[in-house]
Amino acid sequence: MSTPNVTVVRACLRGGAGGSPTAVVLEDGADGAAGAAGARPGDDERRRTAAAHGVSHAVYVRRAGDTTELRFFTAEEELPACGHGTIAALALLAARHGGAGPYRATLRAGGRVFAGRAERAGELITAAFDPGPVDLREPTAGERALVLPALGLTPHETGPSLRIAGVGRERILVPVPTRAVVAGLRPDLDRLKAVCDRFGLLGAYVHSEPSPDGGLAARMFAPSIGVPEDLANANSTACLAAHLAGRGTHRIAVDMGDSLGSPATVTATSRPDLSVEVGGAARVLTERPGVQDS
């Protein structure tokens, strides 16, 4: 069976390079023109798309009246939300739009409707969206006791402000003092997968303390969804922005992907009402005709 035409978009670039390559499929004229030809693929085929194109995530885009529906897939499962997938989809839609000024869209994913925008500057496209309300809570004693050893951390190596954060699905935010600690992490991924499966967590987002201007580093480990380490995780960055807003930090720029050889940066801004906008720069790379699945 052949996968449909796929456009690879690098989302959350740093300095115009790196970023997270994401497979984007426009179905049924989602860009206002001709979409992917032929019958729509089934979900089994959608799950194969990312691996077939050498990326961790795929996003399927379909026009539905006045909204644009997004569905996100890894090799393991469908996800209710994917931040860098949303940025990649907005970037491709803006590139295809061709109109003057910013591109704006009303998006639907994970059972909610939200706003997205994108703007071109040469080959780069800056995209941002509203990830929705972020739920924050203290981790339970069991979550704390099992997650930290799986990450190779002891309680004294983390700050007191661990949080379970949910936007679409819960994940744990783990603060460490410095970028060097983030870079040196060597988690036991099998152990972490078992812990995340036990507590229903998407994964563990480990981050350094922010600098005065909001710069920090992070790594996101999500083996339960088939992504041992994510190059760029925008929704977890949105969760962190909501958490840090309570400490007076309202704009962050999070460096990710260095350990994987593809530097990425995700930005997030919290508003006075404590809502968050998250985004990043992107570049549309290639359109690849369908490949044959074995």
# chains A, B, ... in the order shown; residues from 1 in each chain; ligands from 1
$ residues_around --residues "Gly214 of chain A" --least-positions-apart "2" --cutoff "7 Å" --atoms "only C-alpha atoms" --output "count of residues only"
8
$ select_by_dssp --residues "segment 87-240 of chain A" --states "alpha helix (DSSP H)" --output "number ranges by chain"
A: 87-97, 141-151, 179-183, 189-199, 234-240
$ write_last_selection --atoms "N, CA and C atoms" --output "CSV table (one decimal), in the first residue's frame"
chain,number,residue,atom,x,y,z
A,87,ILE,N,2.7,23.4,14.5
A,87,ILE,CA,3.6,24.4,13.9
A,87,ILE,C,3.9,24.1,12.4
A,88,ALA,N,4.3,22.8,12.2
A,88,ALA,CA,4.6,22.3,10.9
A,88,ALA,C,3.4,22.4,9.9
A,89,ALA,N,2.2,22.1,10.4
A,89,ALA,CA,1.0,22.2,9.6
A,89,ALA,C,0.7,23.6,9.2
A,90,LEU,N,0.8,24.5,10.2
A,90,LEU,CA,0.6,26.0,9.9
A,90,LEU,C,1.6,26.5,8.9
A,91,ALA,N,2.8,26.1,9.1
A,91,ALA,CA,3.8,26.6,8.1
A,91,ALA,C,3.5,26.1,6.7
A,92,LEU,N,3.1,24.9,6.5
A,92,LEU,CA,2.8,24.4,5.2
A,92,LEU,C,1.6,25.1,4.6
A,93,LEU,N,0.6,25.3,5.4
A,93,LEU,CA,-0.6,26.0,5.0
A,93,LEU,C,-0.3,27.4,4.6
A,94,ALA,N,0.5,28.1,5.4
A,94,ALA,CA,0.9,29.4,5.1
A,94,ALA,C,1.7,29.5,3.8
A,95,ALA,N,2.6,28.5,3.6
A,95,ALA,CA,3.4,28.5,2.3
A,95,ALA,C,2.5,28.3,1.1
A,96,ARG,N,1.5,27.5,1.3
A,96,ARG,CA,0.6,27.2,0.1
A,96,ARG,C,-0.5,28.3,-0.1
A,97,HIS,N,-0.7,29.1,1.0
A,97,HIS,CA,-1.7,30.2,0.9
A,97,HIS,C,-1.4,31.2,-0.1
A,141,ALA,N,3.5,11.1,45.5
A,141,ALA,CA,4.7,10.6,46.1
A,141,ALA,C,5.2,9.4,45.2
A,142,GLY,N,4.3,8.6,44.7
A,142,GLY,CA,4.6,7.5,43.8
A,142,GLY,C,5.2,7.9,42.5
A,143,GLU,N,4.6,9.0,41.9
A,143,GLU,CA,5.1,9.5,40.6
A,143,GLU,C,6.5,10.0,40.8
A,144,ARG,N,6.7,10.8,41.9
A,144,ARG,CA,8.0,11.4,42.1
A,144,ARG,C,9.1,10.3,42.4
A,145,ALA,N,8.7,9.3,43.2
A,145,ALA,CA,9.6,8.2,43.6
A,145,ALA,C,10.1,7.4,42.4
A,146,LEU,N,9.2,7.2,41.4
A,146,LEU,CA,9.5,6.3,40.3
A,146,LEU,C,10.1,7.0,39.1
A,147,VAL,N,9.6,8.2,38.8
A,147,VAL,CA,10.1,8.9,37.6
A,147,VAL,C,11.6,9.3,37.8
A,148,LEU,N,11.9,9.9,38.9
A,148,LEU,CA,13.3,10.4,39.0
A,148,LEU,C,14.4,9.3,38.9
A,149,PRO,N,14.3,8.2,39.5
A,149,PRO,CA,15.3,7.2,39.2
A,149,PRO,C,15.4,6.7,37.8
A,150,ALA,N,14.2,6.6,37.1
A,150,ALA,CA,14.2,6.3,35.7
A,150,ALA,C,15.0,7.3,34.8
A,151,LEU,N,15.0,8.5,35.3
A,151,LEU,CA,15.7,9.6,34.6
A,151,LEU,C,17.2,9.6,35.0
A,179,ARG,N,22.0,23.8,32.4
A,179,ARG,CA,21.9,23.2,31.0
A,179,ARG,C,22.9,21.9,31.0
A,180,ALA,N,23.9,22.0,31.7
A,180,ALA,CA,24.9,20.8,31.7
A,180,ALA,C,24.2,19.6,32.3
A,181,VAL,N,23.4,19.7,33.3
A,181,VAL,CA,22.7,18.6,33.8
A,181,VAL,C,21.7,18.0,32.8
A,182,VAL,N,21.0,18.9,32.1
A,182,VAL,CA,20.1,18.5,31.0
A,182,VAL,C,20.9,17.7,30.0
A,183,ALA,N,22.0,18.2,29.6
A,183,ALA,CA,22.8,17.6,28.5
A,183,ALA,C,23.3,16.2,28.9
A,189,LEU,N,15.4,4.2,29.5
A,189,LEU,CA,14.1,4.4,28.7
A,189,LEU,C,13.1,3.2,28.9
A,190,ASP,N,13.6,2.0,29.1
A,190,ASP,CA,12.6,0.9,29.4
A,190,ASP,C,12.0,1.1,30.7
A,191,ARG,N,12.7,1.6,31.7
A,191,ARG,CA,12.2,1.8,33.0
A,191,ARG,C,11.2,3.0,33.0
A,192,LEU,N,11.6,4.1,32.2
A,192,LEU,CA,10.8,5.2,32.1
A,192,LEU,C,9.5,4.9,31.4
A,193,LYS,N,9.5,4.1,30.4
A,193,LYS,CA,8.3,3.7,29.7
A,193,LYS,C,7.4,3.0,30.6
A,194,ALA,N,7.9,2.1,31.5
A,194,ALA,CA,7.0,1.3,32.4
A,194,ALA,C,6.4,2.3,33.4
A,195,VAL,N,7.2,3.3,33.9
A,195,VAL,CA,6.6,4.2,34.8
A,195,VAL,C,5.5,5.1,34.2
A,196,CYS,N,5.8,5.6,33.0
A,196,CYS,CA,4.9,6.4,32.3
A,196,CYS,C,3.6,5.7,32.0
A,197,ASP,N,3.7,4.4,31.6
A,197,ASP,CA,2.6,3.6,31.3
A,197,ASP,C,1.8,3.4,32.6
A,198,ARG,N,2.4,3.2,33.7
A,198,ARG,CA,1.7,2.9,35.0
A,198,ARG,C,0.9,4.2,35.4
A,199,PHE,N,1.4,5.4,35.2
A,199,PHE,CA,0.7,6.6,35.6
A,199,PHE,C,0.0,7.3,34.5
A,234,ALA,N,6.6,21.3,21.7
A,234,ALA,CA,6.0,22.6,21.9
A,234,ALA,C,5.0,22.6,23.0
A,235,ASN,N,4.2,21.5,23.1
A,235,ASN,CA,3.1,21.5,24.1
A,235,ASN,C,3.7,21.4,25.5
A,236,SER,N,4.8,20.6,25.7
A,236,SER,CA,5.4,20.6,27.0
A,236,SER,C,6.0,22.0,27.4
A,237,THR,N,6.5,22.7,26.3
A,237,THR,CA,7.0,24.0,26.5
A,237,THR,C,5.9,25.0,27.0
A,238,ALA,N,4.7,24.8,26.4
A,238,ALA,CA,3.6,25.6,26.8
A,238,ALA,C,3.2,25.3,28.2
A,239,CYS,N,3.3,24.0,28.6
A,239,CYS,CA,3.0,23.7,30.0
A,239,CYS,C,4.0,24.4,30.9
A,240,LEU,N,5.3,24.4,30.6
A,240,LEU,CA,6.3,25.0,31.4
A,240,LEU,C,6.0,26.5,31.5
$ residues_around --residues "segment 118-120 of chain A" --least-positions-apart "3" --cutoff "8 Å" --atoms "only C-alpha atoms" --output "ChimeraX atom specification"
/A:90-91,94-95,101-104,123-128
$ select_by_dssp --residues "segment 88-200 of chain A" --states "strand (DSSP E or B)" --output "PyMOL selection string"
chain A and resi 103-109+112-121+124-129+135-137+163-166+170-176
$ write_last_selection --atoms "C-alpha atoms" --output "short mmCIF file (atom, residue, chain, number, x, y, z; two decimals), in the first residue's frame"
data_model
loop_
_atom_site.label_atom_id
_atom_site.label_comp_id
_atom_site.auth_asym_id
_atom_site.auth_seq_id
_atom_site.Cartn_x
_atom_site.Cartn_y
_atom_site.Cartn_z
CA TYR A 103 -1.97 33.55 7.52
CA ARG A 104 -4.62 32.77 10.12
CA ALA A 105 -6.55 29.56 10.66
CA THR A 106 -9.16 28.09 12.95
CA LEU A 107 -7.91 24.65 13.89
CA ARG A 108 -9.56 21.60 15.42
CA ALA A 109 -7.63 18.84 17.20
CA ARG A 112 -11.19 21.47 20.76
CA VAL A 113 -11.13 24.44 18.39
CA PHE A 114 -8.33 27.00 18.61
CA ALA A 115 -6.54 29.75 16.70
CA GLY A 116 -3.30 29.47 14.77
CA ARG A 117 -1.27 31.94 12.75
CA ALA A 118 1.83 32.00 10.58
CA GLU A 119 3.86 34.59 8.68
CA ARG A 120 6.51 34.22 6.01
CA ALA A 121 9.88 35.97 6.00
CA LEU A 124 11.33 30.93 7.01
CA ILE A 125 7.82 30.83 8.39
CA THR A 126 7.08 31.77 11.99
CA ALA A 127 4.02 29.98 13.35
CA ALA A 128 2.21 30.10 16.69
CA PHE A 129 -0.99 28.77 18.20
CA ASP A 135 -3.71 21.94 34.10
CA LEU A 136 -0.98 21.84 36.77
CA ARG A 137 -0.75 19.73 39.89
CA ARG A 163 4.79 19.44 38.29
CA ILE A 164 2.40 17.19 36.45
CA ALA A 165 1.13 19.31 33.58
CA GLY A 166 -1.68 18.52 31.19
CA GLU A 170 -0.38 14.77 31.30
CA ARG A 171 3.41 14.78 31.40
CA ILE A 172 5.87 15.49 34.22
CA LEU A 173 7.99 18.66 34.26
CA VAL A 174 11.31 18.05 36.03
CA PRO A 175 13.52 21.06 36.88
CA VAL A 176 17.30 20.67 37.17
#
$ closest_atom_pairs --of "segment 163-279 of chain A" --to "segment 70-85 of chain A" --cutoff "12 Å" --atoms "only C-alpha atoms" --output "CSV"
residue,atom,partner,partner_atom,distance
A:Gly166,CA,A:Ala81,CA,10.9
A:Val167,CA,A:Ala81,CA,8.0
A:Gly168,CA,A:Ala81,CA,5.8
A:Arg169,CA,A:Pro80,CA,7.6
A:Glu170,CA,A:Ala81,CA,11.3
A:Leu202,CA,A:Leu79,CA,9.6
A:Ala222,CA,A:Thr74,CA,11.1
A:Pro223,CA,A:Glu76,CA,9.7
A:Ser224,CA,A:Glu76,CA,8.2
A:Ile225,CA,A:Glu76,CA,5.5
A:Gly226,CA,A:Glu76,CA,5.5
A:Val227,CA,A:Thr74,CA,7.8
A:Pro228,CA,A:Thr74,CA,11.5
A:Asp230,CA,A:His84,CA,10.0
A:Leu231,CA,A:His84,CA,9.3
A:Ala232,CA,A:His84,CA,6.6
A:Asn233,CA,A:His84,CA,6.2
A:Ala234,CA,A:Gly83,CA,4.4
A:Asn235,CA,A:Gly83,CA,4.9
A:Ser236,CA,A:Gly83,CA,8.2
A:Thr237,CA,A:Gly83,CA,8.9
A:Ala238,CA,A:Gly83,CA,8.8
A:Cys239,CA,A:Gly83,CA,11.1
A:Ala264,CA,A:His84,CA,10.5
A:Thr265,CA,A:His84,CA,10.6
A:Val266,CA,A:His84,CA,8.6
A:Thr267,CA,A:His84,CA,11.1
A:Ala268,CA,A:Gly83,CA,11.2
A:Glu277,CA,A:Gly83,CA,10.8
A:Val278,CA,A:Gly83,CA,8.0
A:Gly279,CA,A:His84,CA,8.0
